[in-house]
Every structure is written in C-alpha cells, then in structure tokens.
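Working notes, structure below.
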Amino acid sequence: MTGSEDSAGLSVVAVTGSEDSAGPAAVARSARGFHELAAENRWLRDRFARRHLLDLAAGVLAAQLRLPPSEAAEYLSALAQATGLSAEDLAADIVNAAADGSGPAVTVPPESEEPQPGRAAPAHPGEARRARRTAAAAEAADTVGEAARTLLDEGLAPLGADSLWLWQRVDRDCLRLAGCAGAGAAEAAAWQWIPPAAPEPFRTVLAGTPVWLEDGPPPDEVLPGPTARAARALLPLRRRDRTVGVALVGWPGPTALDTTACRALTGLMEVAGTVLDTAGSPPAAVPVLVDVLDSLAQPAMLLSVPGASGEPAVEHLNDEGAGALGGTFSGSDASLARAFPLVHADLARMARRAVGTARTQRAARLPASPGPGDPPPLLDVRVLPAGGSHAVVLWHTVGATGLAAARAVARLQSVAPFQDSLTGGGTLWSPEAYGIFGMARDEPPVPLAELRDRVRPDDRDALADLVTTVTERQTGGQTVLRIVLPDGTVRHVRVAAEPLIAEGTVTGLAGVYQDVSDSRRTEAALTATFDHLTALHDQAELRHQLALQLQQAIVPEVPGLQEMPGDLVVAARYRPAAKEYRVGGDWYDVLALPSGRILVAVGDIAGHGIDAVTGMVALRNAQRALAFTGHSPRRLMEWLNEVTLRTGGGITATAVCALYDPEDRGLLWTSAGHLPMVLLRDGVARLLEPPQDLLLGAVPEYGYREQRIGLRPGDTLLLYTDGLIERRHDGLDEGVARLAADAERLAGHAPDTLVDSLLGAAAGDTDDDTSIVAVRVRGRPPAA
C-alpha cells in the first residue's frame, strides 16, 4: 500500500499485488486490507464531501474578492479562525449567502419551531448549515441512488418526508427513474419509465411549475406513494435554466406544506438536479424478492449466478447485510470477492450448487476456521435457489440460539431430525442423518418404512412395530435398530417418531435418529467391567470372611473377665481398623504355662488383611510354643525374631513378651520396639519404659534385653498397640501421655470396664486396628 497527498489535501491510496502472493495467508491479509481500505474509503468520502463544500465557498470568495483560488482558500481558513467558526460552518454560511443573492437558499425550518402558513420563517443558522452540508454530500455521491438517500435522510426526513424519487428527462420527454430512496424495489420497477402521456402533475412540472399536493393527487390521478391521500410534492430538476428531470417527495400521510417547507424543498431539489449526470441505479432484476430481503431483520443478499463456472455477482444487499460488512459495500460494486474476500469461493460454490440442484445449501459458519485478526464469520449460512439464475444468501452475524442449540445437540448426541410425508410430499432429512446412515448428501433420503433392507433381520419386526404404532395407532414410539451401513459395519440407531395428524388422518410422521453405537459399546464394556468387579468383590469378601474367622479363632474377644492362676484377672479387647474390614495384624495372649508362670504378650504386625492375619497367626503360635520351653522372655523374643525373618513376605512386628511368677509376684519382660506398658498403682499411672531394642524381623541374631518389676495386690498393668494412641499430627509421646492420664482417671474401675472406657475414649485417628489388655493382681493393696 502506498499513499500520497493530492492538492485538495486528500490521501490517494493504491494497492499493489502480484500473482505470487496468492494463498490462504495472502487472502487473509487481503481481506484485512480490504476492510481497512473500506474504512479509509468511507473516511475519504466524508472528507471529499467536506472538501467539496470548502471548494464551493472558496469559489464564492474568489469571485467576490477577485482572488486566486489558492488565496481564496487561505482567506477562508483565516476567516474561520477569526470568527471562531469551523471551516465547514463558515463555508455553508458563505454558500447560503451567495444562494440568497442569486436564487433560493438551501434551508430547512428549525425542528423546534412550528411553521406558520403564509409566512416564510428565517432558517436557523444551524439548520441552514446542516442543509448546505447535506447538499454538498449529495453532490459528492457516486450514484443517483446514494445521492437520493443522502438528501432524504439528512435533508427531507426532518420535514417528515419518507421517500424521494428522481426521474431524468430523456428523449421525447420520457422520464427514466435515475434513483430513489425510501421506496420498495417492486414499486420502483413499476415507475421505472413514465411516458410522455404522463399524469397531469408530471406534465405540469416538466413545464417548469412545482406541484404541491398536501392531501394527495386528485382521484383520477395515480402517483407513487403509500396511500392516495398522502402528501406529495413534485418539483422540476433544473440545470442551466433547463428542466432535466422531475423529483417527487412523498410523506406517509396528508401534510401541510408551508412556505418555509416549500422553500427548503426547492433548494434541495436544485442540488438534486446536479446529480442526474452521475451513474444511475439499475432496476432490480427480481423486485419483489428484493423487497422481501429488505423486510428481513437479518443480513441477506441476492446473487446472480451466470453458470456452472461463472463468478456470481451481488445484485442486491439489504441494509442489515451492508451493516454486517461495516457499510463497506457500494451498490456500484457487484463483486462478490470484494464484498466477501475470505469466503467468496465458498459462497460461489454453494450458490452454483443451489441453482444447479434446486436445493438449499447450508453451512454452520464461513470460514469454518477463522484466523486471528480475521473479520467476524458468517453464521448459519443458507443459500436458497430463487428461480432462474438467482440465489438468495441468508446469514447471521450473531449465533441464533435455536440453530446453535440444534447443532450442539446434533454434534454431542448424534441426533438427526427427519420427516416423512404419507401424502406424496417426500422425505426430509437433516444433514446429520446422512452421516448416521453412511450416505452421501446427494442421495435421496429413505423413508422410515423403507429402512427394512438396511436393518439387521432380527430388528425388522421392531421397525414394523414402530411404523404400525405411529401410522395405525396414531401414537408415538421409539426403538433401537441395528443399521447395516454400505461398508458392512453395524451401527446402533435409536429411532423416535410421532405422527402428523390432520383431520383424524395420519399424513406423515416426524422424528429423530440418534446414533447410540458409542453408548451401546460403552454399556457393554461397563457390563463386562461390572461382572469382573463383582467377581473380584466376591473373592475379596470370601478372603475377608476367611481371614475374619481365622482372626477370631486365633485371638477371640474376651467379653468379660478372665480368671487366671496366681490371683490374676485379665480383660482384653480388639478393635478392627474399619467396620467393613475387620481383620488386622494385632494380637494378644494370656496363657498359663506348665511351670506355673503366666505368659502375657501383645504384638502388632504392620499392615492389614489376609497377609497380616497369616503373619500374626505364625508369630502368635510360635510364641506360645516357645513359651513352653521354660526360657526367659529375652530368649523367647530372640527366637521369635528368627521366626519372623523366616516367615516370608518380609513382615515386621513390634511386641511385648512378659512372664508373671505368682510365687513372688515378679514380672520379667522384654520389648521389641513396642510402646511402653502402663502400670496403675495406688491410682497413679506410671510408664514402664522398655529397652531401646529393635522390632522383630529387622536383623538376624539380635540380642534382646529384659527387665523385672515386682507387682503388688491391686496393681493393674496395661498392654496395648499403637492404634489406641496414634494420631496423624501428634507424636507417640503425646498419645502415651493422654493414655496415662485417662488410665489414672479410670483407675478405680474393674479391668473390663477400664479397657472398654479406654477403647471408647481412644484418640487414635490413623484408622489402625487396636488391641488392649488389662492385667490386675487381686487382693488389697498394702497399707501405706
């Protein structure tokens, strides 16, 4: 893009390109460049109209002051600065003043004042300036139609007018419509030519006399307008003292036309006479269709499609369509490529196909994948055949909720609406239906009743039942059919249909096809997975029951008190890690030995489940058997460590092993990394700190140490596992201290009540299983 500055101060823009720049990226760049150029073009047009007004004022000054044009322009600029007015306002005042001296000025009545019949009110300066700027913009228009729209919108609409017609006088006093605004295409086509034997008002105007019809034309005269009584004004269009055409201004109803309005109309029509030499607006090829497009509230255009390989041309673009293009489209430029540079090829292909097949073409969006910085896409595009070589294009700039929702449903659920006529109207499929049945879009759709040959034999009765339900029972129904595609694959399709009834007779049916193949495959996979999980659950439940029975058989709960030789009373409890999984690695044992001593032990194997139970069974039974040897707890623990190492599975465990001698009430004990026992004596809890020895299964041939303590009547010894006191965010020392405090508070209770209360108040939150044993020496404590 190159630019330069011309003598009028306007930027002249040129675009250069080459064949080598073709391609998607180049098209995208050219599209963005086109819209940028279009915006610049609008700016240039506005500036040209402004420049035109300034040039008119400079010409007046040059003539009055006998100055060269360049000095007149400089004088105009200096005068604007001196008066504090803008250059445009001052230029409008100068041109209007010149018009006052040589003819009627271009003025309109102020909008805030009521015109008074019979008296010409002076024009408000602001209104007069606006009228002059309107005239300058009309003179700068490219076509008579654009000039007519400018005059109507900016000059005549404040007077209440809603239409403007401009005819040009041609050979033999015929009038040819050069341009109009505010009128439909069909009405414009009807008044395209006016012969010499025109209605009387036209002949009067051609003779040079304006005609003012405040209550419409006489009953025997027909003129363009919405109603017979609507006001009309017919004025001659003059140029160089010669009538070159006729203008007709229309109102929506009867309107009083005072002197001020007549003067304003006359001045504006003087401007209209100067634009008849510009390009005329060609008549619409299909005027009724143009009127229909103009009545739509969505963008629409009419294309002329010359043939199978010709490039379609834009014949008409409604206001919404022009607005969607940013106001860049000009009626003088019918190029589809310039109006839609990114998607013209797609639109041309769809238009040719619509005309060739007489079938509507659809696209969800064009372009399908817009790039960053591209113009907004065309949404929900439909191209309809319009007869002959014409096609209508409809689109949206904002996604329509209903259409978008329908596409979303079709995309996510593979749903395709269909409709069958039973009265000869044929079958209609949505685009998604062709994909469901594996058919090409140009193949004819298949009615529901004729799908028999495409359905698996086992499903043909279901299809027949559905058709019978809809057509004979006159009620809706649904079923799932296995459809055999042309390539032999099978697709599961749910069909839901409802009857279309007119006067008690089924005239057709409407429904949807839904591809449920994926859901059926998923359902089958889920069923298989469920069966597999059920089998695994049954196996796990069986293992659980076996482990639970084994655990209960090996370590039975002692609901009450257990009397032992040597004046001992024992209470023991076990709580599983969770109610739904009542097996773990904790164990306890209280056993009277042949030597008269009593074995008291607690252990905890890491983990839960069948492996933990089998490990617990091995160690507990081994400890029982070793205890019958009569050796000390230290030696028993060393042997139990070797058993743990050779049990398999790499298990580890902590344990306390103690032997109580009833003769001297002595307790000899050792610990393999277990928590300290709690001794309750005289209502005070005391921790029996164990030696710092390793847990079972850590290293072979480890030598454990043992300790001895003498027990007294009334003493209670508590042995437990970590599930009773362990918490996630506290250390074991804090848990042991809480247990000791709770034991002191409950020291006066019987052993069974004591363990139940301690278990109920357990602060552990690690979901681990728990064992607790309370051993009490019967008898009264010695007097202090």
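How things are named: the first chain in the structure tokens is A, the next is B, and so on; residues count from 1 in each chain; ligands count from 1 in the order shown.
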
Write out as a VMD selection string all residues of segment 370-608 of chain A that backbone DSSP assigns to strand (DSSP E or B).
chain A and resid 378 to 385 390 to 396 415 to 421 427 to 429 455 477 to 484 490 to 502 505 to 515 562 to 564 568 to 575 578 581 586 to 592 598 to 605

Surrounding residues of segment 663-675 of chain A excluding itself and chain neighbours under 5 positions, 8 Å, only C-alpha atoms, as an mmCIF file with all heavy atoms, in the first residue's frame:
```cif
data_model
loop_
_atom_site.group_PDB
_atom_site.id
_atom_site.type_symbol
_atom_site.label_atom_id
_atom_site.label_comp_id
_atom_site.auth_asym_id
_atom_site.auth_seq_id
_atom_site.Cartn_x
_atom_site.Cartn_y
_atom_site.Cartn_z
ATOM 1 N N GLY A 566 -2.748 -67.576 90.120
ATOM 2 C CA GLY A 566 -1.871 -66.577 90.713
ATOM 3 C C GLY A 566 -2.568 -65.278 90.993
ATOM 4 O O GLY A 566 -1.946 -64.212 90.930
ATOM 5 N N GLY A 603 1.301 -57.955 70.447
ATOM 6 C CA GLY A 603 2.116 -57.713 69.260
ATOM 7 C C GLY A 603 1.340 -56.994 68.170
ATOM 8 O O GLY A 603 0.106 -56.957 68.181
ATOM 9 N N SER A 632 13.493 -67.673 79.359
ATOM 10 C CA SER A 632 13.151 -66.309 79.766
ATOM 11 C C SER A 632 12.545 -65.530 78.603
ATOM 12 O O SER A 632 12.695 -65.902 77.421
ATOM 13 C CB SER A 632 14.411 -65.595 80.252
ATOM 14 O OG SER A 632 15.302 -65.411 79.162
ATOM 15 N N PRO A 633 11.861 -64.417 78.899
ATOM 16 C CA PRO A 633 11.303 -63.584 77.822
ATOM 17 C C PRO A 633 12.356 -63.112 76.827
ATOM 18 O O PRO A 633 12.066 -62.978 75.631
ATOM 19 C CB PRO A 633 10.677 -62.418 78.583
ATOM 20 C CG PRO A 633 10.361 -62.973 79.926
ATOM 21 C CD PRO A 633 11.451 -63.958 80.239
ATOM 22 N N ARG A 634 13.575 -62.821 77.299
ATOM 23 C CA ARG A 634 14.627 -62.365 76.384
ATOM 24 C C ARG A 634 14.902 -63.418 75.331
ATOM 25 O O ARG A 634 14.994 -63.119 74.137
ATOM 26 C CB ARG A 634 15.876 -62.053 77.191
ATOM 27 C CG ARG A 634 17.105 -61.683 76.327
ATOM 28 C CD ARG A 634 18.350 -61.524 77.189
ATOM 29 N NE ARG A 634 18.668 -62.748 77.902
ATOM 30 C CZ ARG A 634 19.301 -63.805 77.346
ATOM 31 N NH1 ARG A 634 19.660 -63.749 76.081
ATOM 32 N NH2 ARG A 634 19.560 -64.875 78.056
ATOM 33 N N MET A 637 12.039 -63.858 72.860
ATOM 34 C CA MET A 637 11.970 -62.800 71.849
ATOM 35 C C MET A 637 13.026 -62.994 70.760
ATOM 36 O O MET A 637 12.780 -62.714 69.580
ATOM 37 C CB MET A 637 12.125 -61.434 72.500
ATOM 38 C CG MET A 637 11.749 -60.260 71.596
ATOM 39 S SD MET A 637 9.976 -60.173 71.278
ATOM 40 C CE MET A 637 9.409 -59.408 72.796
ATOM 41 N N THR A 654 6.167 -55.349 66.077
ATOM 42 C CA THR A 654 6.598 -54.958 67.419
ATOM 43 C C THR A 654 5.868 -55.857 68.408
ATOM 44 O O THR A 654 4.773 -56.349 68.118
ATOM 45 C CB THR A 654 6.265 -53.492 67.705
ATOM 46 O OG1 THR A 654 4.849 -53.320 67.706
ATOM 47 C CG2 THR A 654 6.909 -52.576 66.664
ATOM 48 N N ALA A 655 6.476 -56.077 69.596
ATOM 49 C CA ALA A 655 5.852 -56.999 70.557
ATOM 50 C C ALA A 655 6.393 -56.732 71.959
ATOM 51 O O ALA A 655 7.492 -56.185 72.140
ATOM 52 C CB ALA A 655 6.121 -58.456 70.155
ATOM 53 N N VAL A 656 5.586 -57.125 72.944
ATOM 54 C CA VAL A 656 5.987 -57.172 74.359
ATOM 55 C C VAL A 656 5.736 -58.593 74.849
ATOM 56 O O VAL A 656 4.636 -59.134 74.641
ATOM 57 C CB VAL A 656 5.195 -56.170 75.212
ATOM 58 C CG1 VAL A 656 5.508 -56.390 76.696
ATOM 59 C CG2 VAL A 656 5.531 -54.755 74.811
ATOM 60 N N CYS A 657 6.715 -59.173 75.461
ATOM 61 C CA CYS A 657 6.597 -60.535 75.987
ATOM 62 C C CYS A 657 6.952 -60.493 77.476
ATOM 63 O O CYS A 657 8.055 -60.042 77.846
ATOM 64 C CB CYS A 657 7.533 -61.482 75.244
ATOM 65 S SG CYS A 657 7.478 -63.192 75.838
ATOM 66 N N ALA A 658 6.019 -60.953 78.355
ATOM 67 C CA ALA A 658 6.245 -60.915 79.812
ATOM 68 C C ALA A 658 5.849 -62.239 80.435
ATOM 69 O O ALA A 658 4.894 -62.880 79.983
ATOM 70 C CB ALA A 658 5.439 -59.781 80.426
ATOM 71 N N PRO A 690 10.597 -49.280 78.002
ATOM 72 C CA PRO A 690 11.274 -50.517 77.579
ATOM 73 C C PRO A 690 12.716 -50.214 77.158
ATOM 74 O O PRO A 690 13.082 -49.067 76.893
ATOM 75 C CB PRO A 690 10.430 -50.955 76.389
ATOM 76 C CG PRO A 690 9.943 -49.675 75.795
ATOM 77 C CD PRO A 690 9.734 -48.730 76.950
ATOM 78 N N PRO A 691 13.525 -51.247 77.052
ATOM 79 C CA PRO A 691 14.857 -51.069 76.472
ATOM 80 C C PRO A 691 14.724 -50.652 75.005
ATOM 81 O O PRO A 691 13.740 -50.958 74.341
ATOM 82 C CB PRO A 691 15.502 -52.448 76.615
ATOM 83 C CG PRO A 691 14.668 -53.175 77.623
ATOM 84 C CD PRO A 691 13.291 -52.632 77.511
ATOM 85 N N GLN A 692 15.720 -49.967 74.497
ATOM 86 C CA GLN A 692 15.676 -49.499 73.112
ATOM 87 C C GLN A 692 16.128 -50.611 72.171
ATOM 88 O O GLN A 692 17.215 -50.580 71.588
ATOM 89 C CB GLN A 692 16.574 -48.255 72.956
ATOM 90 C CG GLN A 692 16.177 -47.096 73.845
ATOM 91 C CD GLN A 692 14.786 -46.584 73.510
ATOM 92 O OE1 GLN A 692 14.434 -46.485 72.352
ATOM 93 N NE2 GLN A 692 14.004 -46.277 74.545
ATOM 94 N N ASP A 693 15.294 -51.636 72.050
ATOM 95 C CA ASP A 693 15.625 -52.783 71.208
ATOM 96 C C ASP A 693 14.844 -52.726 69.891
ATOM 97 O O ASP A 693 13.788 -52.087 69.807
ATOM 98 C CB ASP A 693 15.314 -54.089 71.938
ATOM 99 C CG ASP A 693 16.315 -54.363 73.055
ATOM 100 O OD1 ASP A 693 17.445 -53.841 72.962
ATOM 101 O OD2 ASP A 693 15.954 -55.083 74.014
ATOM 102 N N LEU A 694 15.367 -53.446 68.884
ATOM 103 C CA LEU A 694 14.793 -53.406 67.540
ATOM 104 C C LEU A 694 13.517 -54.217 67.449
ATOM 105 O O LEU A 694 13.288 -55.156 68.234
ATOM 106 C CB LEU A 694 15.808 -53.927 66.512
ATOM 107 C CG LEU A 694 17.098 -53.114 66.343
ATOM 108 C CD1 LEU A 694 18.006 -53.786 65.317
ATOM 109 C CD2 LEU A 694 16.788 -51.696 65.936
ATOM 110 N N LEU A 695 12.693 -53.880 66.452
ATOM 111 C CA LEU A 695 11.470 -54.624 66.215
ATOM 112 C C LEU A 695 11.787 -55.974 65.597
ATOM 113 O O LEU A 695 12.896 -56.215 65.078
ATOM 114 C CB LEU A 695 10.535 -53.840 65.312
ATOM 115 C CG LEU A 695 10.851 -53.725 63.811
ATOM 116 C CD1 LEU A 695 9.658 -53.165 63.080
ATOM 117 C CD2 LEU A 695 12.074 -52.882 63.544
ATOM 118 N N LEU A 696 10.843 -56.886 65.626
ATOM 119 C CA LEU A 696 11.025 -58.239 65.087
ATOM 120 C C LEU A 696 11.122 -58.194 63.565
ATOM 121 O O LEU A 696 10.405 -57.443 62.905
ATOM 122 C CB LEU A 696 9.843 -59.115 65.498
ATOM 123 C CG LEU A 696 9.631 -59.304 67.010
ATOM 124 C CD1 LEU A 696 8.349 -60.077 67.274
ATOM 125 C CD2 LEU A 696 10.822 -60.008 67.641
ATOM 126 N N TYR A 704 18.169 -59.404 72.677
ATOM 127 C CA TYR A 704 17.224 -58.531 73.368
ATOM 128 C C TYR A 704 17.535 -58.498 74.864
ATOM 129 O O TYR A 704 18.079 -59.460 75.436
ATOM 130 C CB TYR A 704 15.785 -59.020 73.157
ATOM 131 C CG TYR A 704 15.310 -58.789 71.736
ATOM 132 C CD1 TYR A 704 15.526 -59.751 70.750
ATOM 133 C CD2 TYR A 704 14.654 -57.621 71.383
ATOM 134 C CE1 TYR A 704 15.108 -59.533 69.447
ATOM 135 C CE2 TYR A 704 14.229 -57.399 70.083
ATOM 136 C CZ TYR A 704 14.456 -58.358 69.120
ATOM 137 O OH TYR A 704 14.046 -58.146 67.835
ATOM 138 N N ARG A 705 17.194 -57.397 75.512
ATOM 139 C CA ARG A 705 17.386 -57.235 76.963
ATOM 140 C C ARG A 705 16.039 -57.369 77.660
ATOM 141 O O ARG A 705 15.002 -57.112 77.064
ATOM 142 C CB ARG A 705 17.980 -55.860 77.237
ATOM 143 C CG ARG A 705 19.419 -55.712 76.709
ATOM 144 C CD ARG A 705 19.856 -54.249 76.699
ATOM 145 N NE ARG A 705 19.142 -53.484 75.668
ATOM 146 C CZ ARG A 705 19.345 -52.191 75.449
ATOM 147 N NH1 ARG A 705 20.213 -51.517 76.203
ATOM 148 N NH2 ARG A 705 18.668 -51.576 74.498
ATOM 149 N N GLU A 706 16.108 -57.720 78.948
ATOM 150 C CA GLU A 706 14.876 -57.879 79.694
ATOM 151 C C GLU A 706 14.966 -57.129 81.016
ATOM 152 O O GLU A 706 16.055 -56.793 81.502
ATOM 153 C CB GLU A 706 14.559 -59.354 79.939
ATOM 154 C CG GLU A 706 15.608 -60.087 80.762
ATOM 155 C CD GLU A 706 15.332 -61.569 80.858
ATOM 156 O OE1 GLU A 706 14.611 -62.126 80.005
ATOM 157 O OE2 GLU A 706 15.873 -62.182 81.798
ATOM 158 N N GLN A 707 13.793 -56.828 81.610
ATOM 159 C CA GLN A 707 13.702 -56.106 82.875
ATOM 160 C C GLN A 707 12.745 -56.847 83.802
ATOM 161 O O GLN A 707 11.920 -57.659 83.359
ATOM 162 C CB GLN A 707 13.215 -54.661 82.636
ATOM 163 C CG GLN A 707 14.164 -53.819 81.807
ATOM 164 C CD GLN A 707 13.661 -52.389 81.618
ATOM 165 O OE1 GLN A 707 12.575 -52.069 82.066
ATOM 166 N NE2 GLN A 707 14.457 -51.564 80.973
ATOM 167 N N ARG A 708 12.837 -56.513 85.112
ATOM 168 C CA ARG A 708 11.963 -57.167 86.091
ATOM 169 C C ARG A 708 11.340 -56.094 86.973
ATOM 170 O O ARG A 708 11.980 -55.104 87.353
ATOM 171 C CB ARG A 708 12.762 -58.147 86.969
ATOM 172 C CG ARG A 708 11.891 -58.962 87.913
ATOM 173 C CD ARG A 708 12.738 -59.882 88.775
ATOM 174 N NE ARG A 708 11.895 -60.735 89.579
ATOM 175 C CZ ARG A 708 11.262 -60.367 90.708
ATOM 176 N NH1 ARG A 708 11.421 -59.123 91.167
ATOM 177 N NH2 ARG A 708 10.505 -61.230 91.371
ATOM 178 N N ILE A 709 10.078 -56.302 87.324
ATOM 179 C CA ILE A 709 9.384 -55.420 88.243
ATOM 180 C C ILE A 709 8.473 -56.278 89.116
ATOM 181 O O ILE A 709 7.895 -57.274 88.656
ATOM 182 C CB ILE A 709 8.560 -54.363 87.473
ATOM 183 C CG1 ILE A 709 7.918 -53.396 88.459
ATOM 184 C CG2 ILE A 709 7.527 -55.001 86.576
ATOM 185 C CD1 ILE A 709 7.208 -52.231 87.788
ATOM 186 N N GLY A 710 8.387 -55.926 90.341
ATOM 187 C CA GLY A 710 7.511 -56.642 91.244
ATOM 188 C C GLY A 710 6.153 -55.996 91.302
ATOM 189 O O GLY A 710 6.032 -54.778 91.436
ATOM 190 N N LEU A 711 5.115 -56.823 91.219
ATOM 191 C CA LEU A 711 3.754 -56.322 91.264
ATOM 192 C C LEU A 711 3.166 -56.521 92.637
ATOM 193 O O LEU A 711 3.563 -57.444 93.386
ATOM 194 C CB LEU A 711 2.886 -57.038 90.214
ATOM 195 C CG LEU A 711 3.306 -56.864 88.754
ATOM 196 C CD1 LEU A 711 2.335 -57.599 87.833
ATOM 197 C CD2 LEU A 711 3.391 -55.390 88.382
ATOM 198 N N ARG A 712 2.184 -55.691 92.987
ATOM 199 C CA ARG A 712 1.517 -55.739 94.281
ATOM 200 C C ARG A 712 0.029 -55.992 94.064
ATOM 201 O O ARG A 712 -0.508 -55.723 92.985
ATOM 202 C CB ARG A 712 1.699 -54.427 95.033
ATOM 203 C CG ARG A 712 3.142 -54.004 95.231
ATOM 204 C CD ARG A 712 3.156 -52.611 95.859
ATOM 205 N NE ARG A 712 4.519 -52.075 95.939
ATOM 206 C CZ ARG A 712 4.817 -50.859 96.362
ATOM 207 N NH1 ARG A 712 3.828 -50.019 96.703
ATOM 208 N NH2 ARG A 712 6.078 -50.458 96.420
ATOM 209 N N TYR A 720 -0.914 -52.565 75.140
ATOM 210 C CA TYR A 720 -1.748 -52.032 74.055
ATOM 211 C C TYR A 720 -0.911 -51.890 72.782
ATOM 212 O O TYR A 720 0.321 -51.978 72.810
ATOM 213 C CB TYR A 720 -2.332 -50.664 74.441
ATOM 214 C CG TYR A 720 -1.269 -49.661 74.846
ATOM 215 C CD1 TYR A 720 -0.704 -48.797 73.911
ATOM 216 C CD2 TYR A 720 -0.794 -49.621 76.163
ATOM 217 C CE1 TYR A 720 0.284 -47.906 74.278
ATOM 218 C CE2 TYR A 720 0.193 -48.736 76.531
ATOM 219 C CZ TYR A 720 0.731 -47.870 75.587
ATOM 220 O OH TYR A 720 1.727 -47.006 75.941
ATOM 221 N N THR A 721 -1.622 -51.636 71.653
ATOM 222 C CA THR A 721 -0.949 -51.376 70.380
ATOM 223 C C THR A 721 -1.151 -49.908 69.986
ATOM 224 O O THR A 721 -1.944 -49.192 70.585
ATOM 225 C CB THR A 721 -1.492 -52.288 69.265
ATOM 226 O OG1 THR A 721 -2.897 -52.118 69.170
ATOM 227 C CG2 THR A 721 -1.176 -53.750 69.578
ATOM 228 N N ASP A 722 -0.417 -49.483 68.945
ATOM 229 C CA ASP A 722 -0.374 -48.046 68.639
ATOM 230 C C ASP A 722 -1.699 -47.487 68.129
ATOM 231 O O ASP A 722 -1.924 -46.283 68.142
ATOM 232 C CB ASP A 722 0.720 -47.754 67.612
ATOM 233 C CG ASP A 722 0.577 -48.591 66.348
ATOM 234 O OD1 ASP A 722 -0.414 -49.340 66.231
ATOM 235 O OD2 ASP A 722 1.473 -48.504 65.479
#
```

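Shell of Ser771 of chain A at 7 Å, with only C-alpha atoms counted and residues fewer than 5 places along the chain excluded, is A:Arg573, A:Tyr574, A:Arg575, A:Asp586, A:Trp587, A:Tyr720, A:Thr721.
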
Members of segment 528-765 of chain A assigned alpha helix (DSSP H) by DSSP, as a ChimeraX atom specification
/A:528-554,610-627,633-647,732-745,751-760

Report as JSON lines the residues of segment 162-242 of chain A within 12 Å of segment 247-268 of chain A, each with its shortest atom pair and distance in Å (one decimal), using only C-alpha atoms, ordered by chain and increasing residue number.
```
{"residue": "A:Asp162", "atom": "CA", "partner": "A:Trp251", "partner_atom": "CA", "distance": 5.4}
{"residue": "A:Ser163", "atom": "CA", "partner": "A:Gly250", "partner_atom": "CA", "distance": 5.0}
{"residue": "A:Leu164", "atom": "CA", "partner": "A:Val249", "partner_atom": "CA", "distance": 4.7}
{"residue": "A:Trp165", "atom": "CA", "partner": "A:Leu248", "partner_atom": "CA", "distance": 5.0}
{"residue": "A:Leu166", "atom": "CA", "partner": "A:Ala247", "partner_atom": "CA", "distance": 4.7}
{"residue": "A:Trp167", "atom": "CA", "partner": "A:Ala247", "partner_atom": "CA", "distance": 6.3}
{"residue": "A:Gln168", "atom": "CA", "partner": "A:Ala247", "partner_atom": "CA", "distance": 8.8}
{"residue": "A:Arg169", "atom": "CA", "partner": "A:Ala247", "partner_atom": "CA", "distance": 10.8}
{"residue": "A:Leu175", "atom": "CA", "partner": "A:Ala247", "partner_atom": "CA", "distance": 10.6}
{"residue": "A:Arg176", "atom": "CA", "partner": "A:Ala247", "partner_atom": "CA", "distance": 11.4}
{"residue": "A:Leu177", "atom": "CA", "partner": "A:Ala247", "partner_atom": "CA", "distance": 9.8}
{"residue": "A:Ala178", "atom": "CA", "partner": "A:Ala247", "partner_atom": "CA", "distance": 10.2}
{"residue": "A:Gly179", "atom": "CA", "partner": "A:Ala247", "partner_atom": "CA", "distance": 10.0}
{"residue": "A:Cys180", "atom": "CA", "partner": "A:Leu248", "partner_atom": "CA", "distance": 9.4}
{"residue": "A:Ala181", "atom": "CA", "partner": "A:Val249", "partner_atom": "CA", "distance": 9.9}
{"residue": "A:Gly182", "atom": "CA", "partner": "A:Gly250", "partner_atom": "CA", "distance": 9.1}
{"residue": "A:Ala183", "atom": "CA", "partner": "A:Gly250", "partner_atom": "CA", "distance": 9.8}
{"residue": "A:Trp191", "atom": "CA", "partner": "A:Leu248", "partner_atom": "CA", "distance": 11.7}
{"residue": "A:Pro201", "atom": "CA", "partner": "A:Leu248", "partner_atom": "CA", "distance": 10.2}
{"residue": "A:Phe202", "atom": "CA", "partner": "A:Leu248", "partner_atom": "CA", "distance": 9.3}
{"residue": "A:Val205", "atom": "CA", "partner": "A:Ala247", "partner_atom": "CA", "distance": 9.0}
{"residue": "A:Leu206", "atom": "CA", "partner": "A:Ala247", "partner_atom": "CA", "distance": 10.3}
{"residue": "A:Gly208", "atom": "CA", "partner": "A:Ala247", "partner_atom": "CA", "distance": 11.9}
{"residue": "A:Thr209", "atom": "CA", "partner": "A:Thr266", "partner_atom": "CA", "distance": 11.2}
{"residue": "A:Pro210", "atom": "CA", "partner": "A:Thr266", "partner_atom": "CA", "distance": 8.7}
{"residue": "A:Val211", "atom": "CA", "partner": "A:Leu248", "partner_atom": "CA", "distance": 9.4}
{"residue": "A:Trp212", "atom": "CA", "partner": "A:Leu257", "partner_atom": "CA", "distance": 7.6}
{"residue": "A:Leu213", "atom": "CA", "partner": "A:Leu257", "partner_atom": "CA", "distance": 8.5}
{"residue": "A:Glu214", "atom": "CA", "partner": "A:Thr255", "partner_atom": "CA", "distance": 5.3}
{"residue": "A:Asp215", "atom": "CA", "partner": "A:Pro254", "partner_atom": "CA", "distance": 4.8}
{"residue": "A:Gly216", "atom": "CA", "partner": "A:Pro254", "partner_atom": "CA", "distance": 6.9}
{"residue": "A:Pro217", "atom": "CA", "partner": "A:Pro254", "partner_atom": "CA", "distance": 10.7}
{"residue": "A:Leu223", "atom": "CA", "partner": "A:Leu248", "partner_atom": "CA", "distance": 9.2}
{"residue": "A:Pro224", "atom": "CA", "partner": "A:Gly250", "partner_atom": "CA", "distance": 8.0}
{"residue": "A:Gly225", "atom": "CA", "partner": "A:Gly250", "partner_atom": "CA", "distance": 6.3}
{"residue": "A:Pro226", "atom": "CA", "partner": "A:Pro252", "partner_atom": "CA", "distance": 6.5}
{"residue": "A:Thr227", "atom": "CA", "partner": "A:Gly253", "partner_atom": "CA", "distance": 7.3}
{"residue": "A:Ala228", "atom": "CA", "partner": "A:Gly253", "partner_atom": "CA", "distance": 8.8}
{"residue": "A:Arg229", "atom": "CA", "partner": "A:Pro254", "partner_atom": "CA", "distance": 5.9}
{"residue": "A:Ala230", "atom": "CA", "partner": "A:Gly253", "partner_atom": "CA", "distance": 3.8}
{"residue": "A:Ala231", "atom": "CA", "partner": "A:Pro254", "partner_atom": "CA", "distance": 4.7}
{"residue": "A:Arg232", "atom": "CA", "partner": "A:Gly250", "partner_atom": "CA", "distance": 4.6}
{"residue": "A:Ala233", "atom": "CA", "partner": "A:Val249", "partner_atom": "CA", "distance": 5.1}
{"residue": "A:Leu234", "atom": "CA", "partner": "A:Leu248", "partner_atom": "CA", "distance": 4.5}
{"residue": "A:Leu235", "atom": "CA", "partner": "A:Ala247", "partner_atom": "CA", "distance": 5.2}
{"residue": "A:Pro236", "atom": "CA", "partner": "A:Ala247", "partner_atom": "CA", "distance": 6.2}
{"residue": "A:Leu237", "atom": "CA", "partner": "A:Ala247", "partner_atom": "CA", "distance": 6.5}
{"residue": "A:Arg238", "atom": "CA", "partner": "A:Ala247", "partner_atom": "CA", "distance": 10.2}
```
